[in-house]
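S.K.: First, the structure itself, so that you have it in front of you.
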Amino acid sequence: MIEVGGESSRSVRSEGMLKPPEGHTGASPRGAGARITAALVAALCAVAAGCISQTHIPYRGDSRSRLVPAALPVRPAPAPGIVEVPAEGTTTHAVLHLYRPKPCSETHETELGAIAYLGRAAGPKRWVVVLPIWGSSTYPPRKVVRWLLTGPQADATNVLWIQGLESLVRFAALKQAPTETAFLAEVSRTAACIDAAAEDVRAFLDWIVVRPDTDPRRVGIVGFSLSAAVASLVMGRDPRITTGVFVMVGGHFDEVLAFCKWDEHEIREHAKAAFGWSLDQLKQAIKGPLAIVDPVLVAANVNPADVLFIDSGHDGCIPQSARDDLWVAMGRPERVTLGYDHKNSFLTMTFLGFDNTTRRIVAFLDNRLTGPEHPTAPARATANAAGRPN
């Protein structure tokens with residue numbers, strides 16, 4: 001549910017945070033230009049490197065408030081194999097297109113599931129798995145991938161960029177569900193799709209860890225918005241992920257659906273008009289189906305020293321309680337709260353914000369995935385020695 005816009009308005013809502021809207025008919029070129037210039041100047045002042053509004057809480061090593069680690073669900077049988085198709089590479093990295101059956105699909109249709117960038121230098125490599133914002137903007141993951149592949153540790157870095165052209169949430173189906181039963185069936189389908197996306201990432205981890213160029217002690221994951229919640233779900237389920245960066249993140253999908261001001265608002269209005277549900281009744285009805293993919297429930301399996309938690313201080317989609325609960329459940333890892341709303345916080349990954357958040361993400365990964373002395377490597381290796389994670 002934590003998405004930047006939905007199906008009906010994706011071109012405006014999801015891309016609007018990354019480029020100015022189209023000019024409207026009737027404005028003079030001079031007037032339009034002046035307004036655009038003024039807006040850009042205001043944006044630069046608002047998010048410039050010297051005056052970016054943010055609160056930084058370092059990790060203090062205190063995990064006393066963490067929850068008891070949850071029992072992990074039984075993992076289903078591995079999906080059919082991944083098909084590797086070589087693609088044009090670069091001077092520093094070979095490239096493979098990885099095809100596999102579509103997750104959350106009733107057919108066996110295959111699609112481009114991920115793009116792997118393999119460092120040409122000799123020796124074991126660290127891996128960074130970069131998740132998409134399913135069905136929305138490709139800018140945040142593309143930016144991080146590019147920086148990882150051109151940074152000072154690029155030669156020792158492999159990157160897996162998960163693809164995600166389609167939304168995991170069928171907003172139209174939820175807005176138009178004719179009965180309570182149909183509505184709840186679609187909510188359950190949404191949870192199943194989020195779960196399938198998380199398990200799809202784990203299937204790619206299976207592919208990563210058996211490669212001879214992989215250092216299994218250095219595998220990171222990065223997610224944004226909805227994919228940040230999925231990334232935290234994956235890290236909570238799978239000890240092979242040793243480092244996580246979660247950007248504009250929160251837990252409790254039921255709270256998000258009951259709070260978010262975009263398509264979720266229309267879903268709430270439909271439930272009220274069609275079923276007579278109050279907000280409390282809606283929350284009660286969807287809480288159970290969505291609980292199976294709540295990252296809060298597995299967050300205690302994550303080592304907080306290995307996490308960078310970035311959220312939005314004025315988020316109009318992820319409520320404060322959902323963000324705080326996930327952070328506390330993880331053991332209060334390093335946290336950066338940006339002083340903007342959900343979408344505008346992504347501007348700090350662009351030139352308007354002097355790439356402040358992009359720099360922070362890559363610097364954290366570089367620090368945590370530097371070499372075999374990674375602080376959690378022995379524990380993770382021991383966990384993996386028992387065999388395939390549940």
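Residue numbers start at 1 in each chain; chains themselves are named A, B, ... in the order of the structure tokens; ligands are numbered from 1 in the order shown.
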Among range 110-163 of chain A, which residues carry a DSSP assignment of alpha helix (DSSP H), reported as a PyMOL selection string?
M.R.: chain A and resi 139-150
S.K.: Please dump the current selection as a tab-separated table (two decimals), in the first residue's frame; keep C-alpha atoms.
M.R.:
```tsv
chain	number	residue	atom	x	y	z
A	139	TYR	CA	14.33	7.21	-10.60
A	140	PRO	CA	15.31	6.29	-7.01
A	141	PRO	CA	16.53	2.74	-7.76
A	142	ARG	CA	18.18	3.80	-11.01
A	143	LYS	CA	20.06	6.58	-9.22
A	144	VAL	CA	21.41	4.24	-6.52
A	145	VAL	CA	22.40	1.62	-9.09
A	146	ARG	CA	24.32	4.18	-11.11
A	147	TRP	CA	26.17	5.51	-8.08
A	148	LEU	CA	27.09	2.02	-6.92
A	149	LEU	CA	28.47	1.13	-10.36
A	150	THR	CA	30.58	4.28	-10.63
```
S.K.: Per residue of range 141-251 of chain A within 9 Å of range 270-286 of chain A, record the nearest atom pair and its distance in Å to one decimal, counting only C-alpha atoms, with rows in chain order and ascending residue number, as CSV.
M.R.:
```
residue,atom,partner,partner_atom,distance
A:Leu174,CA,A:His270,CA,8.4
A:Lys175,CA,A:His270,CA,5.8
A:Gln176,CA,A:His270,CA,7.4
A:Ala177,CA,A:His270,CA,8.4
A:Pro178,CA,A:Ala274,CA,7.4
A:Thr179,CA,A:Phe275,CA,7.3
A:Glu180,CA,A:Phe275,CA,6.6
A:Phe183,CA,A:Ala271,CA,8.4
A:Leu184,CA,A:Ile286,CA,7.1
A:Val187,CA,A:Ile286,CA,6.9
A:Ser188,CA,A:Ile286,CA,8.4
```
S.K.: Hey, what's within 7 Å of His314 in chain A if we count only C-alpha atoms and toss same-chain stuff fewer than 5 positions away? As a list in words, please?
M.R.: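 Contacts, in chain order: Gly339, Tyr340, Asp341 and His342 of chain A.
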S.K.: May I have all residues of range 195-338 of chain A that DSSP, computed from the backbone, assigns to strand (DSSP E or B), given as a ChimeraX atom specification?
M.R.: /A:214-224,243-247,307-312,334-338
S.K.: Go ahead and save the residues from that selection, with N, CA and C atoms, as a PDB file, in the first residue's frame.
M.R.:
```pdb
ATOM      1  N   THR A 214      30.705 -14.423  -5.373  1.00  0.00           N
ATOM      2  CA  THR A 214      29.933 -13.826  -4.283  1.00  0.00           C
ATOM      3  C   THR A 214      30.637 -13.993  -2.944  1.00  0.00           C
ATOM      4  N   ASP A 215      30.742 -12.894  -2.211  1.00  0.00           N
ATOM      5  CA  ASP A 215      31.126 -12.966  -0.803  1.00  0.00           C
ATOM      6  C   ASP A 215      29.825 -12.996  -0.004  1.00  0.00           C
ATOM      7  N   PRO A 216      29.403 -14.142   0.511  1.00  0.00           N
ATOM      8  CA  PRO A 216      28.089 -14.239   1.156  1.00  0.00           C
ATOM      9  C   PRO A 216      27.977 -13.442   2.442  1.00  0.00           C
ATOM     10  N   ARG A 217      29.103 -12.941   2.950  1.00  0.00           N
ATOM     11  CA  ARG A 217      29.065 -12.130   4.167  1.00  0.00           C
ATOM     12  C   ARG A 217      28.745 -10.673   3.877  1.00  0.00           C
ATOM     13  N   ARG A 218      28.634 -10.335   2.596  1.00  0.00           N
ATOM     14  CA  ARG A 218      28.440  -8.927   2.224  1.00  0.00           C
ATOM     15  C   ARG A 218      27.330  -8.825   1.173  1.00  0.00           C
ATOM     16  N   VAL A 219      26.094  -8.924   1.637  1.00  0.00           N
ATOM     17  CA  VAL A 219      24.933  -8.816   0.747  1.00  0.00           C
ATOM     18  C   VAL A 219      23.981  -7.782   1.334  1.00  0.00           C
ATOM     19  N   GLY A 220      23.809  -6.680   0.629  1.00  0.00           N
ATOM     20  CA  GLY A 220      22.942  -5.606   1.106  1.00  0.00           C
ATOM     21  C   GLY A 220      21.671  -5.510   0.289  1.00  0.00           C
ATOM     22  N   ILE A 221      20.700  -4.787   0.828  1.00  0.00           N
ATOM     23  CA  ILE A 221      19.430  -4.576   0.131  1.00  0.00           C
ATOM     24  C   ILE A 221      18.985  -3.141   0.349  1.00  0.00           C
ATOM     25  N   VAL A 222      18.370  -2.556  -0.691  1.00  0.00           N
ATOM     26  CA  VAL A 222      17.873  -1.182  -0.638  1.00  0.00           C
ATOM     27  C   VAL A 222      16.457  -1.170  -1.182  1.00  0.00           C
ATOM     28  N   GLY A 223      15.543  -0.481  -0.485  1.00  0.00           N
ATOM     29  CA  GLY A 223      14.173  -0.343  -0.964  1.00  0.00           C
ATOM     30  C   GLY A 223      13.653   1.061  -0.724  1.00  0.00           C
ATOM     31  N   PHE A 224      12.606   1.412  -1.474  1.00  0.00           N
ATOM     32  CA  PHE A 224      12.040   2.760  -1.439  1.00  0.00           C
ATOM     33  C   PHE A 224      10.521   2.674  -1.329  1.00  0.00           C
ATOM     34  N   THR A 243      22.951  -6.318   5.310  1.00  0.00           N
ATOM     35  CA  THR A 243      22.827  -4.867   5.463  1.00  0.00           C
ATOM     36  C   THR A 243      21.574  -4.402   4.750  1.00  0.00           C
ATOM     37  N   GLY A 244      20.849  -3.460   5.371  1.00  0.00           N
ATOM     38  CA  GLY A 244      19.626  -2.964   4.752  1.00  0.00           C
ATOM     39  C   GLY A 244      19.512  -1.456   4.832  1.00  0.00           C
ATOM     40  N   VAL A 245      19.051  -0.846   3.750  1.00  0.00           N
ATOM     41  CA  VAL A 245      18.735   0.581   3.716  1.00  0.00           C
ATOM     42  C   VAL A 245      17.289   0.712   3.275  1.00  0.00           C
ATOM     43  N   PHE A 246      16.466   1.322   4.125  1.00  0.00           N
ATOM     44  CA  PHE A 246      15.029   1.410   3.891  1.00  0.00           C
ATOM     45  C   PHE A 246      14.644   2.889   3.828  1.00  0.00           C
ATOM     46  N   VAL A 247      14.145   3.323   2.673  1.00  0.00           N
ATOM     47  CA  VAL A 247      13.931   4.748   2.398  1.00  0.00           C
ATOM     48  C   VAL A 247      12.439   5.044   2.297  1.00  0.00           C
ATOM     49  N   VAL A 307      21.434  -1.505   9.760  1.00  0.00           N
ATOM     50  CA  VAL A 307      20.287  -0.892   9.095  1.00  0.00           C
ATOM     51  C   VAL A 307      20.411   0.624   9.091  1.00  0.00           C
ATOM     52  N   LEU A 308      20.077   1.225   7.948  1.00  0.00           N
ATOM     53  CA  LEU A 308      19.858   2.665   7.837  1.00  0.00           C
ATOM     54  C   LEU A 308      18.382   2.867   7.542  1.00  0.00           C
ATOM     55  N   PHE A 309      17.695   3.584   8.429  1.00  0.00           N
ATOM     56  CA  PHE A 309      16.245   3.776   8.388  1.00  0.00           C
ATOM     57  C   PHE A 309      15.982   5.239   8.035  1.00  0.00           C
ATOM     58  N   ILE A 310      15.385   5.485   6.875  1.00  0.00           N
ATOM     59  CA  ILE A 310      15.105   6.852   6.425  1.00  0.00           C
ATOM     60  C   ILE A 310      13.603   7.001   6.262  1.00  0.00           C
ATOM     61  N   ASP A 311      13.033   8.025   6.883  1.00  0.00           N
ATOM     62  CA  ASP A 311      11.598   8.241   6.738  1.00  0.00           C
ATOM     63  C   ASP A 311      11.305   9.716   6.534  1.00  0.00           C
ATOM     64  N   SER A 312      10.026  10.006   6.352  1.00  0.00           N
ATOM     65  CA  SER A 312       9.564  11.363   6.081  1.00  0.00           C
ATOM     66  C   SER A 312       8.812  11.888   7.292  1.00  0.00           C
ATOM     67  N   GLU A 334      20.132   3.330  13.108  1.00  0.00           N
ATOM     68  CA  GLU A 334      20.374   4.709  12.665  1.00  0.00           C
ATOM     69  C   GLU A 334      19.165   5.189  11.866  1.00  0.00           C
ATOM     70  N   ARG A 335      18.696   6.390  12.211  1.00  0.00           N
ATOM     71  CA  ARG A 335      17.469   6.906  11.599  1.00  0.00           C
ATOM     72  C   ARG A 335      17.670   8.339  11.130  1.00  0.00           C
ATOM     73  N   VAL A 336      17.251   8.605   9.906  1.00  0.00           N
ATOM     74  CA  VAL A 336      17.241   9.953   9.355  1.00  0.00           C
ATOM     75  C   VAL A 336      15.809  10.279   8.979  1.00  0.00           C
ATOM     76  N   THR A 337      15.234  11.292   9.610  1.00  0.00           N
ATOM     77  CA  THR A 337      13.874  11.723   9.306  1.00  0.00           C
ATOM     78  C   THR A 337      13.940  13.036   8.552  1.00  0.00           C
ATOM     79  N   LEU A 338      13.516  13.009   7.294  1.00  0.00           N
ATOM     80  CA  LEU A 338      13.543  14.191   6.435  1.00  0.00           C
ATOM     81  C   LEU A 338      12.333  15.059   6.721  1.00  0.00           C
TER      82      LEU A 338
END
```
S.K.: May I ask for the distance between CA of Thr242 in chain A and CA of Asn344 in chain A, given in Å to one decimal place?
M.R.: 29.3 Å
S.K.: Need the shell around Gly135 in chain A: protein/DNA/RNA residues with any atom at most 6 Å away, counting only C-alpha atoms. Skip same-chain ones fewer than 5 positions apart. Format as a PyMOL selection string?
M.R.: chain A and resi 165-167
S.K.: Can those selected residues be exported to a file as a short mmCIF file (atom, residue, chain, number, x, y, z; two decimals), in the first residue's frame so that it contains C-alpha atoms?
M.R.:
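Result went into again-v2.cif, see below:
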```
data_model
loop_
_atom_site.label_atom_id
_atom_site.label_comp_id
_atom_site.auth_asym_id
_atom_site.auth_seq_id
_atom_site.Cartn_x
_atom_site.Cartn_y
_atom_site.Cartn_z
CA LEU A 165 6.81 -2.46 -13.97
CA GLU A 166 3.47 -3.46 -12.48
CA SER A 167 1.95 -2.34 -9.20
#
```
S.K.: With 9 Å as the cut-off and only C-alpha atoms counted, what is the closest atom pair between each nearby residue of range 109-130 of chain A and range 83-93 of chain A? Distances in Å to one decimal, ordered by chain and number, as a Markdown table.
M.R.:
```
| residue | atom | partner | partner_atom | distance |
| --- | --- | --- | --- | --- |
| A:Tyr117 | CA | A:His93 | CA | 5.7 |
| A:Leu118 | CA | A:His93 | CA | 5.0 |
| A:Gly119 | CA | A:His93 | CA | 4.4 |
| A:Arg120 | CA | A:His93 | CA | 5.3 |
| A:Ala121 | CA | A:Thr92 | CA | 7.5 |
```
S.K.: Keeping only C-alpha atoms, write those residues as a PDB file, in the first residue's frame.
M.R.:
```pdb
ATOM      1  CA  TYR A 117      25.798  -6.097 -13.009  1.00  0.00           C
ATOM      2  CA  LEU A 118      28.879  -8.266 -12.446  1.00  0.00           C
ATOM      3  CA  GLY A 119      32.231  -6.648 -11.677  1.00  0.00           C
ATOM      4  CA  ARG A 120      34.969  -7.700 -14.088  1.00  0.00           C
ATOM      5  CA  ALA A 121      37.753  -7.437 -11.485  1.00  0.00           C
TER       6      ALA A 121
END
```
S.K.: Taking into account only C-alpha atoms, which residue in the set A:Asn303, A:Asn367, A:Thr357, A:Ser321 is nearest to Gly61 in chain A?
M.R.: A:Asn303
S.K.: So how many Å separate CA of Val129 in chain A and CA of Arg189 in chain A, to one decimal?
M.R.: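 Answer for the CA of Val129 in chain A to CA of Arg189 in chain A separation: 25.3 Å.
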S.K.: Near Asp238 in chain A, within 9 Å and counting only C-alpha atoms, which residues show up once chain neighbours fewer than 2 positions away are dropped, as JSON, numbers by chain?
M.R.: {"A": [202, 233, 234, 235, 236, 240, 241, 301, 389, 390]}
S.K.: Neighbouring residues of Arg368 in chain A were defined as those with any atom within 8 Å, considering only C-alpha atoms; residues of the same chain fewer than 3 positions away were excluded. Please report them as a PyMOL selection string.
M.R.: chain A and resi 243+306+364-365+374
S.K.: In terms of the shortest atom-to-atom distance over only C-alpha atoms, which of A:Ile292, A:Gly353, A:Gln153, A:Gly81 is closest to Ala191 in chain A?
M.R.: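 Among the listed residues, the smallest separation from Ala191 in chain A belongs to A:Ile292.
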S.K.: Go ahead and compute the interatomic distance for CA of Glu264 in chain A and CA of Phe346 in chain A, in Å to one decimal.
M.R.: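 Straight-line distance from CA of Glu264 in chain A to CA of Phe346 in chain A works out to 20.3 Å.
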S.K.: Which residue is closest to Leu160 in chain A? Choose from A:Cys104, A:Leu297, A:Gly113, A:Glu199 and count only C-alpha atoms.
M.R.: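 Once distances to Leu160 in chain A are computed over only C-alpha atoms, the minimum belongs to A:Gly113.
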